[in-house]
>>> print(open('protein.cif').read())   # mmCIF, C-alpha atoms and all ligand atoms
data_my_file
#
loop_
_atom_site.label_atom_id
_atom_site.label_comp_id
_atom_site.auth_asym_id
_atom_site.auth_seq_id
_atom_site.Cartn_x
_atom_site.Cartn_y
_atom_site.Cartn_z
CA MET A 1 -47.76 39.84 -44.26
CA GLY A 2 -44.04 39.26 -45.04
CA LEU A 3 -41.10 41.45 -44.11
CA GLU A 4 -41.00 43.15 -47.51
CA PRO A 5 -42.80 46.53 -47.26
CA GLN A 6 -46.09 46.61 -49.18
CA PHE A 7 -45.52 49.35 -51.71
CA SER A 8 -48.51 50.56 -53.70
CA TYR A 9 -48.61 50.15 -57.43
CA TRP A 10 -47.84 53.90 -57.68
CA GLU A 11 -44.89 53.74 -55.31
CA ARG A 12 -43.36 50.77 -57.11
CA SER A 13 -43.91 51.95 -60.64
CA VAL A 14 -42.98 55.62 -60.17
CA PHE A 15 -40.48 55.73 -57.29
CA ILE A 16 -38.77 52.36 -57.14
CA ASP A 17 -38.78 50.28 -60.30
CA ASN A 18 -37.04 50.70 -63.63
CA ALA A 19 -34.05 52.79 -62.57
CA ASP A 20 -31.36 52.81 -65.23
CA VAL A 21 -28.74 53.63 -62.62
CA ILE A 22 -28.86 53.39 -58.83
CA ILE A 23 -26.22 55.29 -56.89
CA ILE A 24 -25.55 54.13 -53.35
CA GLY A 25 -24.55 57.07 -51.12
CA SER A 26 -25.65 60.70 -51.33
CA GLY A 27 -22.34 62.35 -50.41
CA LEU A 28 -20.53 64.77 -52.66
CA VAL A 29 -19.29 61.96 -54.92
CA GLY A 30 -22.65 60.18 -55.30
CA LEU A 31 -24.55 63.40 -56.02
CA SER A 32 -21.88 64.65 -58.44
CA ALA A 33 -22.08 61.33 -60.28
CA ALA A 34 -25.88 61.60 -60.42
CA LEU A 35 -25.75 65.11 -61.88
CA HIS A 36 -23.16 64.18 -64.47
CA LEU A 37 -25.13 61.11 -65.56
CA LYS A 38 -28.21 63.26 -66.05
CA LYS A 39 -26.22 65.79 -68.06
CA ARG A 40 -24.87 63.06 -70.34
CA GLY A 41 -28.13 61.11 -70.57
CA PRO A 42 -31.12 63.39 -69.88
CA ASP A 43 -33.59 60.51 -70.29
CA LEU A 44 -31.88 58.25 -67.76
CA LYS A 45 -33.87 57.33 -64.67
CA ILE A 46 -31.44 57.81 -61.79
CA LEU A 47 -32.09 56.90 -58.18
CA VAL A 48 -29.84 57.71 -55.21
CA LEU A 49 -30.20 55.53 -52.09
CA GLU A 50 -28.86 56.97 -48.84
CA ARG A 51 -28.61 55.15 -45.54
CA GLY A 52 -28.81 58.27 -43.37
CA PHE A 53 -31.56 60.72 -42.62
CA LEU A 54 -29.01 63.20 -44.02
CA PRO A 55 -25.86 62.19 -45.92
CA SER A 56 -24.00 60.35 -43.16
CA GLY A 57 -20.33 59.96 -43.89
CA ALA A 58 -18.01 62.89 -44.55
CA SER A 59 -19.67 65.30 -46.95
CA THR A 60 -21.82 67.13 -44.37
CA LYS A 61 -19.30 66.67 -41.55
CA ASN A 62 -16.08 68.07 -43.02
CA ALA A 63 -14.14 71.27 -42.36
CA GLY A 64 -14.89 72.97 -45.69
CA PHE A 65 -11.28 73.63 -46.65
CA ALA A 66 -10.87 74.25 -50.36
CA CYS A 67 -7.24 73.20 -50.27
CA PHE A 68 -4.68 71.37 -52.36
CA GLY A 69 -1.99 70.74 -49.74
CA THR A 70 0.57 72.26 -47.39
CA VAL A 71 4.34 72.15 -47.91
CA SER A 72 4.57 69.25 -45.41
CA GLU A 73 1.85 67.31 -47.23
CA GLN A 74 3.48 67.82 -50.64
CA LEU A 75 6.89 66.72 -49.30
CA ALA A 76 5.31 63.62 -47.69
CA ALA A 77 3.62 62.80 -51.02
CA LEU A 78 6.94 63.22 -52.85
CA ASP A 79 8.53 60.73 -50.43
CA GLN A 80 5.96 58.14 -51.55
CA SER A 81 5.39 58.97 -55.22
CA SER A 82 7.14 60.45 -58.26
CA GLU A 83 7.05 64.18 -59.12
CA GLU A 84 4.71 63.40 -62.04
CA GLU A 85 2.24 61.58 -59.78
CA VAL A 86 2.29 64.37 -57.20
CA ILE A 87 1.77 67.06 -59.88
CA LYS A 88 -1.12 65.02 -61.27
CA LEU A 89 -2.81 64.72 -57.87
CA ILE A 90 -2.42 68.44 -57.05
CA ASN A 91 -3.78 69.32 -60.50
CA TYR A 92 -6.72 66.97 -59.90
CA LYS A 93 -7.59 68.68 -56.61
CA TRP A 94 -7.17 72.10 -58.19
CA ARG A 95 -9.44 71.23 -61.13
CA GLY A 96 -11.89 69.55 -58.75
CA LEU A 97 -12.22 72.76 -56.75
CA GLN A 98 -12.75 74.82 -59.92
CA ARG A 99 -15.44 72.34 -61.01
CA LEU A 100 -17.21 72.48 -57.64
CA ARG A 101 -17.27 76.29 -57.77
CA GLN A 102 -18.40 76.29 -61.40
CA ASN A 103 -21.19 73.79 -60.70
CA LEU A 104 -22.61 75.46 -57.59
CA GLY A 105 -21.43 79.09 -57.70
CA ASP A 106 -19.25 80.83 -55.11
CA SER A 107 -22.05 82.70 -53.38
CA ALA A 108 -24.20 79.55 -52.99
CA ILE A 109 -21.38 77.76 -51.17
CA ASP A 110 -19.97 80.84 -49.40
CA TYR A 111 -16.58 80.40 -51.02
CA HIS A 112 -13.85 82.79 -49.91
CA GLN A 113 -10.22 82.73 -50.88
CA HIS A 114 -8.67 83.91 -47.63
CA GLY A 115 -5.63 81.70 -48.15
CA GLY A 116 -4.19 78.77 -46.24
CA TYR A 117 -1.45 78.65 -43.61
CA GLU A 118 0.83 75.93 -42.26
CA LEU A 119 1.98 76.45 -38.67
CA PHE A 120 5.06 75.05 -36.96
CA MET A 121 5.31 74.96 -33.18
CA ASP A 122 8.32 76.19 -31.17
CA ASP A 123 9.63 72.63 -30.82
CA GLU A 124 9.41 71.96 -34.57
CA SER A 125 11.98 74.45 -35.81
CA ASP A 126 14.12 71.81 -37.58
CA ARG A 127 11.15 70.52 -39.55
CA ALA A 128 10.02 74.08 -40.26
CA ASP A 129 13.46 74.95 -41.65
CA GLU A 130 13.43 71.83 -43.85
CA CYS A 131 10.02 72.81 -45.25
CA ILE A 132 11.00 76.44 -45.77
CA GLU A 133 14.17 75.36 -47.58
CA GLN A 134 12.04 73.34 -50.05
CA ILE A 135 9.69 76.24 -50.91
CA PRO A 136 11.59 77.40 -54.07
CA TYR A 137 11.66 73.80 -55.36
CA LEU A 138 7.95 73.24 -54.66
CA ASN A 139 6.92 76.58 -56.15
CA LYS A 140 8.72 75.63 -59.37
CA LEU A 141 7.17 72.16 -59.39
CA LEU A 142 3.61 73.30 -58.66
CA VAL A 143 3.56 75.72 -61.60
CA HIS A 144 2.98 72.54 -63.64
CA ALA A 145 -0.02 71.66 -61.45
CA ILE A 146 -1.89 74.93 -61.01
CA ARG A 147 -0.19 77.39 -63.40
CA GLU A 148 0.44 79.93 -60.64
CA GLN A 149 3.78 81.36 -59.49
CA GLY A 150 4.98 81.80 -55.90
CA ILE A 151 2.40 79.54 -54.25
CA TYR A 152 4.12 79.13 -50.87
CA LYS A 153 5.65 82.05 -48.97
CA VAL A 154 7.07 82.39 -45.47
CA ALA A 155 4.66 84.47 -43.35
CA ASN A 156 6.23 84.60 -39.88
CA ASP A 157 5.33 88.29 -39.65
CA LYS A 158 1.61 87.37 -39.45
CA ILE A 159 1.89 85.06 -36.41
CA THR A 160 1.50 87.81 -33.80
CA GLY A 161 -1.42 89.40 -35.66
CA PHE A 162 -3.40 86.16 -35.47
CA GLY A 163 -2.68 86.00 -31.73
CA PHE A 164 -1.12 82.50 -31.72
CA ASP A 165 1.19 81.28 -28.97
CA LYS A 166 3.94 78.65 -29.22
CA VAL A 167 4.07 79.04 -33.02
CA SER A 168 7.52 79.78 -34.39
CA ARG A 169 7.09 79.69 -38.18
CA MET A 170 4.27 79.96 -40.67
CA ILE A 171 3.95 79.35 -44.43
CA TYR A 172 1.21 81.08 -46.45
CA ASN A 173 -0.54 79.93 -49.63
CA PRO A 174 -2.83 82.63 -51.08
CA PHE A 175 -4.51 80.24 -53.53
CA GLU A 176 -6.46 78.22 -50.96
CA GLY A 177 -9.99 78.97 -49.84
CA GLN A 178 -12.83 77.91 -47.59
CA LEU A 179 -16.53 77.24 -48.04
CA ASN A 180 -19.64 76.49 -46.02
CA THR A 181 -19.99 72.71 -46.12
CA GLY A 182 -23.71 72.72 -45.28
CA LYS A 183 -24.48 75.24 -48.02
CA MET A 184 -22.38 73.25 -50.49
CA MET A 185 -24.42 70.09 -49.88
CA ARG A 186 -27.74 71.96 -49.90
CA ALA A 187 -26.85 73.61 -53.21
CA LEU A 188 -25.81 70.28 -54.67
CA LEU A 189 -28.98 68.56 -53.49
CA ASN A 190 -31.08 71.38 -54.95
CA LYS A 191 -29.36 70.89 -58.31
CA VAL A 192 -29.96 67.15 -58.11
CA TYR A 193 -33.68 67.66 -57.36
CA ASP A 194 -33.97 70.26 -60.14
CA ALA A 195 -32.51 67.73 -62.56
CA GLY A 196 -35.32 65.31 -61.70
CA ILE A 197 -33.14 62.85 -59.80
CA LEU A 198 -34.79 61.09 -56.87
CA VAL A 199 -32.88 60.73 -53.58
CA LEU A 200 -34.38 58.28 -51.08
CA ASN A 201 -33.08 58.57 -47.51
CA SER A 202 -33.07 56.10 -44.60
CA CYS A 203 -32.47 53.33 -47.13
CA ALA A 204 -29.43 51.21 -46.26
CA VAL A 205 -28.20 48.79 -48.92
CA SER A 206 -27.15 45.49 -47.35
CA ALA A 207 -26.46 43.31 -50.40
CA ILE A 208 -25.82 43.62 -54.14
CA ASN A 209 -26.45 40.70 -56.51
CA ARG A 210 -26.03 40.53 -60.25
CA GLN A 211 -28.71 38.55 -62.07
CA CYS A 212 -29.50 38.18 -65.75
CA ASP A 213 -32.20 40.88 -65.63
CA GLY A 214 -30.09 43.49 -63.82
CA VAL A 215 -28.39 44.30 -60.53
CA HIS A 216 -30.57 43.56 -57.48
CA LEU A 217 -30.18 45.45 -54.22
CA THR A 218 -31.41 44.32 -50.83
CA THR A 219 -32.14 47.35 -48.68
CA SER A 220 -33.72 48.27 -45.35
CA GLN A 221 -36.76 49.40 -47.36
CA GLY A 222 -37.14 46.38 -49.63
CA ASN A 223 -35.64 45.25 -52.91
CA PHE A 224 -34.53 47.47 -55.77
CA LYS A 225 -33.24 46.68 -59.26
CA ALA A 226 -31.27 48.68 -61.84
CA GLY A 227 -29.29 48.23 -65.02
CA ARG A 228 -26.18 49.76 -63.45
CA VAL A 229 -25.12 50.47 -59.88
CA ILE A 230 -22.57 52.99 -58.63
CA LEU A 231 -21.10 52.52 -55.17
CA ALA A 232 -20.32 55.95 -53.66
CA THR A 233 -20.13 54.91 -50.03
CA ASN A 234 -16.52 56.04 -49.47
CA ALA A 235 -15.28 54.93 -46.02
CA PHE A 236 -17.99 52.24 -45.84
CA ALA A 237 -17.13 50.71 -49.24
CA ASN A 238 -15.88 47.40 -47.97
CA GLN A 239 -19.02 46.73 -45.95
CA LEU A 240 -20.40 45.78 -49.39
CA PHE A 241 -17.17 44.90 -51.25
CA PRO A 242 -14.65 43.60 -48.68
CA ASP A 243 -11.81 43.42 -51.24
CA LEU A 244 -11.73 47.17 -51.80
CA ASN A 245 -8.72 48.74 -50.11
CA VAL A 246 -10.51 51.41 -48.07
CA ILE A 247 -9.76 51.98 -44.40
CA PRO A 248 -12.08 54.22 -42.38
CA GLY A 249 -10.60 57.16 -40.51
CA ARG A 250 -12.68 59.15 -38.07
CA GLY A 251 -12.26 62.91 -37.81
CA GLN A 252 -13.39 64.63 -34.60
CA VAL A 253 -14.37 68.28 -34.88
CA LEU A 254 -15.49 71.14 -32.64
CA VAL A 255 -16.92 74.60 -33.26
CA THR A 256 -16.68 77.32 -30.61
CA LYS A 257 -19.32 79.84 -29.68
CA PRO A 258 -18.88 83.20 -31.49
CA ILE A 259 -15.69 84.94 -30.37
CA PRO A 260 -15.84 88.75 -30.23
CA GLY A 261 -13.02 90.34 -32.26
CA LEU A 262 -11.82 87.03 -33.73
CA LYS A 263 -8.59 87.68 -35.62
CA LEU A 264 -8.32 84.44 -37.59
CA GLN A 265 -9.23 84.43 -41.23
CA GLY A 266 -8.24 81.54 -43.47
CA THR A 267 -7.56 77.83 -43.25
CA TYR A 268 -4.77 76.61 -40.98
CA HIS A 269 -2.98 73.28 -40.65
CA PHE A 270 -0.30 71.99 -38.30
CA ASP A 271 1.45 68.74 -37.34
CA LYS A 272 1.76 67.56 -40.97
CA GLY A 273 -1.91 68.31 -41.62
CA TYR A 274 -3.26 66.16 -38.76
CA TYR A 275 -4.80 69.26 -37.13
CA TYR A 276 -6.79 71.90 -38.96
CA PHE A 277 -8.76 75.00 -38.01
CA ARG A 278 -10.52 77.94 -39.65
CA ASN A 279 -12.89 80.82 -39.00
CA ILE A 280 -16.61 80.32 -39.64
CA ASP A 281 -19.30 82.91 -38.83
CA GLY A 282 -17.14 84.56 -36.14
CA ARG A 283 -16.36 81.17 -34.55
CA VAL A 284 -13.44 78.75 -34.80
CA LEU A 285 -13.84 75.27 -36.26
CA PHE A 286 -11.04 72.95 -35.12
CA GLY A 287 -10.52 69.26 -35.82
CA GLY A 288 -8.01 66.45 -36.13
CA GLY A 289 -5.86 64.40 -33.82
CA ARG A 290 -6.43 61.09 -35.62
CA ASN A 291 -2.68 60.49 -35.34
CA LEU A 292 -2.95 60.28 -31.52
CA ASP A 293 -4.51 56.85 -31.88
CA PHE A 294 -4.74 55.60 -35.47
CA GLU A 295 -6.09 52.21 -34.41
CA THR A 296 -9.07 53.54 -32.44
CA GLU A 297 -9.85 56.12 -35.11
CA ALA A 298 -9.89 53.52 -37.92
CA THR A 299 -13.57 52.95 -37.26
CA TRP A 300 -17.00 53.15 -38.88
CA GLU A 301 -18.47 54.40 -35.58
CA PHE A 302 -19.22 58.08 -35.14
CA GLY A 303 -18.24 59.45 -31.73
CA HIS A 304 -15.46 60.93 -29.63
CA THR A 305 -12.62 59.89 -27.38
CA GLU A 306 -11.37 61.75 -24.32
CA LYS A 307 -7.83 61.52 -25.70
CA VAL A 308 -8.60 63.45 -28.90
CA LYS A 309 -11.07 65.84 -27.26
CA GLY A 310 -8.56 66.70 -24.53
CA LYS A 311 -5.82 67.42 -27.05
CA LEU A 312 -8.07 69.60 -29.21
CA ILE A 313 -9.16 71.63 -26.19
CA ALA A 314 -5.56 72.03 -25.02
CA TYR A 315 -4.40 73.30 -28.44
CA LEU A 316 -7.38 75.61 -28.66
CA ASN A 317 -6.64 77.22 -25.29
CA LYS A 318 -2.86 77.24 -25.42
CA VAL A 319 -1.99 77.80 -29.08
CA ILE A 320 -4.90 79.01 -31.20
CA LEU A 321 -6.80 81.32 -28.84
CA PRO A 322 -4.48 81.73 -25.85
CA GLY A 323 -5.70 83.83 -22.95
CA GLN A 324 -9.28 84.04 -24.24
CA HIS A 325 -12.44 82.70 -22.66
CA ILE A 326 -13.61 80.01 -25.08
CA GLU A 327 -16.84 78.01 -25.00
CA ILE A 328 -17.47 75.08 -27.29
CA ASP A 329 -20.86 74.98 -28.99
CA TYR A 330 -20.65 71.85 -31.20
CA TRP A 331 -18.84 68.54 -31.27
CA TRP A 332 -19.25 66.04 -34.09
CA SER A 333 -17.33 63.43 -36.06
CA GLY A 334 -17.22 62.27 -39.65
CA ILE A 335 -15.71 59.21 -41.30
CA MET A 336 -13.19 59.46 -44.14
CA GLY A 337 -11.93 56.73 -46.46
CA PHE A 338 -8.17 56.15 -46.65
CA GLY A 339 -5.94 53.57 -48.30
CA ASP A 340 -2.39 52.57 -49.23
CA ASP A 341 -2.53 54.75 -52.32
CA ILE A 342 -3.28 58.48 -52.20
CA THR A 343 -5.55 58.37 -55.26
CA PRO A 344 -9.28 57.50 -55.25
CA ILE A 345 -10.58 54.16 -56.54
CA VAL A 346 -12.77 54.69 -59.60
CA LYS A 347 -13.42 51.46 -61.47
CA GLU A 348 -15.83 48.73 -62.50
CA VAL A 349 -15.80 46.28 -59.57
CA GLU A 350 -18.01 43.73 -61.28
CA PRO A 351 -19.88 43.88 -64.59
CA ASN A 352 -22.39 46.77 -64.33
CA ILE A 353 -21.26 47.71 -60.82
CA PHE A 354 -18.92 50.68 -60.50
CA CYS A 355 -17.27 52.34 -57.54
CA ALA A 356 -15.93 55.82 -56.75
CA VAL A 357 -14.53 55.76 -53.25
CA ARG A 358 -11.55 56.70 -51.04
CA CYS A 359 -11.05 60.43 -51.34
CA ASN A 360 -8.35 60.22 -48.64
CA GLY A 361 -9.77 63.10 -46.62
CA MET A 362 -9.62 65.47 -49.61
CA GLY A 363 -13.04 64.95 -51.13
CA VAL A 364 -14.18 68.57 -51.05
CA ALA A 365 -11.35 69.16 -53.48
CA MET A 366 -11.63 65.98 -55.52
CA GLY A 367 -15.23 64.79 -55.11
CA SER A 368 -16.81 66.60 -58.08
CA LEU A 369 -14.33 65.09 -60.55
CA VAL A 370 -14.41 61.65 -58.91
CA GLY A 371 -18.20 61.62 -59.34
CA GLU A 372 -17.92 62.68 -62.97
CA GLU A 373 -15.31 60.03 -63.71
CA VAL A 374 -17.43 57.17 -62.41
CA ALA A 375 -20.48 58.53 -64.24
CA GLU A 376 -18.48 58.41 -67.48
CA LEU A 377 -17.55 54.76 -66.82
CA ALA A 378 -21.21 53.89 -66.23
CA ILE A 379 -22.35 55.81 -69.34
CA GLN A 380 -19.87 53.95 -71.51
CA ALA A 381 -21.33 50.66 -70.29
CA LEU A 382 -24.96 51.61 -71.00
C1 LIG B 1 -13.94 65.74 -40.14
C2 LIG B 1 -13.67 65.79 -41.61
C3 LIG B 1 -13.05 66.92 -42.16
C4 LIG B 1 -12.80 66.96 -43.54
N1 LIG B 1 -12.32 68.13 -44.06
C5 LIG B 1 -12.13 68.22 -45.40
C6 LIG B 1 -11.70 69.43 -45.98
O1 LIG B 1 -11.58 70.44 -45.29
N2 LIG B 1 -11.42 69.48 -47.31
C7 LIG B 1 -11.57 68.37 -48.09
O2 LIG B 1 -11.25 68.42 -49.29
N3 LIG B 1 -12.05 67.21 -47.58
C8 LIG B 1 -12.33 67.13 -46.26
N4 LIG B 1 -12.82 65.97 -45.72
C9 LIG B 1 -13.05 64.82 -46.62
C10 LIG B 1 -14.32 64.96 -47.43
O3 LIG B 1 -15.39 65.37 -46.62
C11 LIG B 1 -14.62 63.58 -48.05
O4 LIG B 1 -13.48 63.15 -48.77
C12 LIG B 1 -15.82 63.62 -48.98
O5 LIG B 1 -16.91 64.21 -48.35
C13 LIG B 1 -16.13 62.21 -49.45
O6 LIG B 1 -17.35 62.25 -50.16
P1 LIG B 1 -18.06 60.89 -50.54
O7 LIG B 1 -19.31 61.26 -51.25
O8 LIG B 1 -17.09 60.00 -51.22
O9 LIG B 1 -18.35 60.18 -49.16
P2 LIG B 1 -19.42 60.45 -48.01
O10 LIG B 1 -19.74 61.87 -47.88
O11 LIG B 1 -18.93 59.74 -46.81
O12 LIG B 1 -20.72 59.75 -48.59
C14 LIG B 1 -20.94 58.37 -48.53
C15 LIG B 1 -22.40 58.17 -48.24
O13 LIG B 1 -22.73 56.79 -48.38
C16 LIG B 1 -23.72 56.49 -47.42
N5 LIG B 1 -23.72 55.04 -47.23
C17 LIG B 1 -22.72 54.28 -46.72
N6 LIG B 1 -23.05 53.00 -46.74
C18 LIG B 1 -24.30 52.92 -47.27
C19 LIG B 1 -25.18 51.84 -47.55
N7 LIG B 1 -24.84 50.58 -47.29
N8 LIG B 1 -26.39 52.11 -48.08
C20 LIG B 1 -26.75 53.40 -48.37
N9 LIG B 1 -25.95 54.46 -48.13
C21 LIG B 1 -24.73 54.22 -47.59
C22 LIG B 1 -23.29 57.26 -46.18
O14 LIG B 1 -24.36 57.44 -45.29
C23 LIG B 1 -22.78 58.56 -46.80
O15 LIG B 1 -23.78 59.58 -46.84
C24 LIG B 1 -13.11 65.87 -44.37
C25 LIG B 1 -13.74 64.76 -43.82
C26 LIG B 1 -14.03 64.71 -42.46
C27 LIG B 1 -14.73 63.51 -41.89
#
>>> encode(input="protein.cif", output="C-alpha cells")
Amino acid sequence: MGLEPQFSYWERSVFIDNADVIIIGSGLVGLSAALHLKKRGPDLKILVLERGFLPSGASTKNAGFACFGTVSEQLAALDQSSEEEVIKLINYKWRGLQRLRQNLGDSAIDYHQHGGYELFMDDESDRADECIEQIPYLNKLLVHAIREQGIYKVANDKITGFGFDKVSRMIYNPFEGQLNTGKMMRALLNKVYDAGILVLNSCAVSAINRQCDGVHLTTSQGNFKAGRVILATNAFANQLFPDLNVIPGRGQVLVTKPIPGLKLQGTYHFDKGYYYFRNIDGRVLFGGGRNLDFETEATWEFGHTEKVKGKLIAYLNKVILPGQHIEIDYWWSGIMGFGDDITPIVKEVEPNIFCAVRCNGMGVAMGSLVGEEVAELAIQAL
C-alpha cells in the first residue's frame, strides 16, 4: 500500500474529484468567496480545503470589532497615502461591514453598535491634542467615505464613568460596532453548507501545480484537482507562493472571567491601535502588544510571550479595570497577514490560480468584499 490514502469509488467520485473551483482556507475570505461563487454559478462544484480542525488563522481568533479606524489610524494612513486612497479604504471597510451584516443578519452574529473609543494615556497629551485638532478635518473627509456627519467627537466626560485610570483624553465614534466572532463564523459556515458547498477540514495543501488538465493540489489527505484554485490562506500565503508580499503578525488575546457590574460597553483602542479591548458577555476581551516586539511576533507560530502577556496584564489591572479583582479565563493567539501596502492582494497569481490575502488585521471589516472580489475574478476566467 502506498502513502496515498485509499479512497473508495464513492469518496473519490462524490467528495473529491471534479471540483470546478477549490478554495484553500476556510476563513472569512475563503467562505465568502465560496458563497459568492455559488450565487453567481449555482451549478459550480466548489470545494473548500482547510488545514485546521477549525479555521486556524485569524477568522475564529479575532476581537470581533466592526470598525473602520480611529483618528490615529486615519492620520497614520494619510501620512502614507493620498486622501483619495484613504477615503477608498475606509469606504471599503464600511461597505464590507454592511455586506457582512446583510449576508448573515445582525442577530445571528450578535452585532451591536455600541460605538468605538480611542484612549490616550496621561503621558500622551501632545499626541491626543494633535489628534483632537484634526477631528474637524477628518469628519469632513470621511463624509465622502461613509456619508455620515460628525463621526469623531471628544468624549473626555465619559472616562470616569468607564472607571479607567491614567487616561487623559478619549475620542468617540458612534458608528462602530462589535460582534460575536464565533457566531459570525458559525453563521457563515451554515450558509456555506446550506448552499451545498463542501468544506473538508484537516486537509493541508502543500503544493500547487498547473497541468494541462487542471490545477493539481498535493495535500495531507492525498491529491486533488480543479479547474480553478483560490488561495485564501491570508498570513500563510507565502508558504505556497513565496513571492506574495504577506508578513505574518501574531495577535495575543485574553478574556477575563465575568466581572460583576462591568461598566465598559463598546470597542476601545489605544497606543495607535496596537491595543484593543471590548466587553463580551459581561467579560473583557483584551489583546495587542505586537509593537513590543515586531520581530518575534512576525511568526506563523501560535503562542504567547511573557513580554506581551505581562504588558497586557499590567494594562488590564492599572488602566482598564483598576482596583478590581480580575481573573483571566482564556488566552489565545491568532495570525494576521500584513504587508507594505494597506490594501489586500486580490489577483490572478498564475493562470487559473487566484489569491485573496492580506487583510492587514481588518478582515472582519473587509473580508466579505475581498472574498466576493476574488470570486468575480475566478468566475470571469471560467
Ligand atoms: C487577534 C486578532 C484580532 C483581530 N481583530 C480584528 C477585529 O477586531 N476586526 C477586524 O476587522 N479584524 C480583526 N482581525 C483580523 C481578521 O480576523 C482577519 O483579517 C481575517 O479573519 C482574515 O480572514 P482570512 O479568511 O483572510 O484569513 P484566515 O482567517 O487566517 O483564514 C486562512 C485559513 O487558511 C488556512 N490555511 C492556511 N494555510 C493552509 C494550507 N496550506 N492548506 C489549507 N488551509 C490552509 C488556515 O488554517 C486558515 O483557517 C484580527 C485578527 C487577529 C489575529
>>> residues_near_ligand(input="protein.cif", ligand="ligand LIG 1 (chain B)", cutoff="6 Å", atoms="all atoms listed in the file", output="ChimeraX atom specification")
/A:24-30,49-52,55-59,61-66,203-206,232-234,236,251-253,333-336,357,359-365,367
>>> closest_residue(input="protein.cif", among="A:Lys88, A:His304, A:His216, A:Lys158", to="Val143 of chain A", atoms="only C-alpha atoms")
A:Lys88
>>> residues_around(input="protein.cif", residues="Asn91 of chain A", least_positions_apart="3", cutoff="12 Å", atoms="all atoms listed in the file", output="MDAnalysis selection string")
chainID A and resid 67:69 84:88 94:98 141:148 365:366 369
>>> atom_distance(input="protein.cif", atom1="atom CA of Asp17 of chain A", atom2="atom CA of Glu4 of chain A")
14.8 Å
>>> closest_residue(input="protein.cif", among="A:Pro242, A:Gly116, A:Gly323, A:Gly161", to="Asn173 of chain A", atoms="all atoms listed in the file")
A:Gly116
>>> residues_around(input="protein.cif", residues="Pro174 of chain A", least_positions_apart="4", cutoff="10 Å", atoms="all atoms listed in the file", output="number ranges by chain")
A: 113-117, 150-153, 266
>>> write_last_selection(input="protein.cif", atoms="C-alpha atoms", output="tab-separated table (two decimals), keeping the file's coordinate frame")
chain	number	residue	atom	x	y	z
A	113	GLN	CA	-10.22	82.73	-50.88
A	114	HIS	CA	-8.67	83.91	-47.63
A	115	GLY	CA	-5.63	81.70	-48.15
A	116	GLY	CA	-4.19	78.77	-46.24
A	117	TYR	CA	-1.45	78.65	-43.61
A	150	GLY	CA	4.98	81.80	-55.90
A	151	ILE	CA	2.40	79.54	-54.25
A	152	TYR	CA	4.12	79.13	-50.87
A	153	LYS	CA	5.65	82.05	-48.97
A	266	GLY	CA	-8.24	81.54	-43.47
>>> closest_residue(input="protein.cif", among="A:Ile109, A:Val349, A:Ala356, A:Ile90", to="Ser32 of chain A", atoms="all atoms listed in the file")
A:Ala356
>>> residues_near_point(input="protein.cif", point="(-29.2, 70.8, -57.8)", cutoff="12 Å", atoms="all atoms listed in the file", output="list of chain:residue names")
A:Leu28, A:Leu31, A:Ser32, A:Ala34, A:Leu35, A:His36, A:Lys38, A:Lys39, A:Asn103, A:Leu104, A:Gly105, A:Ala108, A:Lys183, A:Met184, A:Met185, A:Arg186, A:Ala187, A:Leu188, A:Leu189, A:Asn190, A:Lys191, A:Val192, A:Tyr193, A:Asp194, A:Ala195, A:Gly196, A:Ile197, A:Leu198, A:Val199
>>> closest_residue(input="protein.cif", among="A:Thr181, A:Ser107, A:Ser8, A:Gln221", to="Leu200 of chain A", atoms="all atoms listed in the file")
A:Gln221
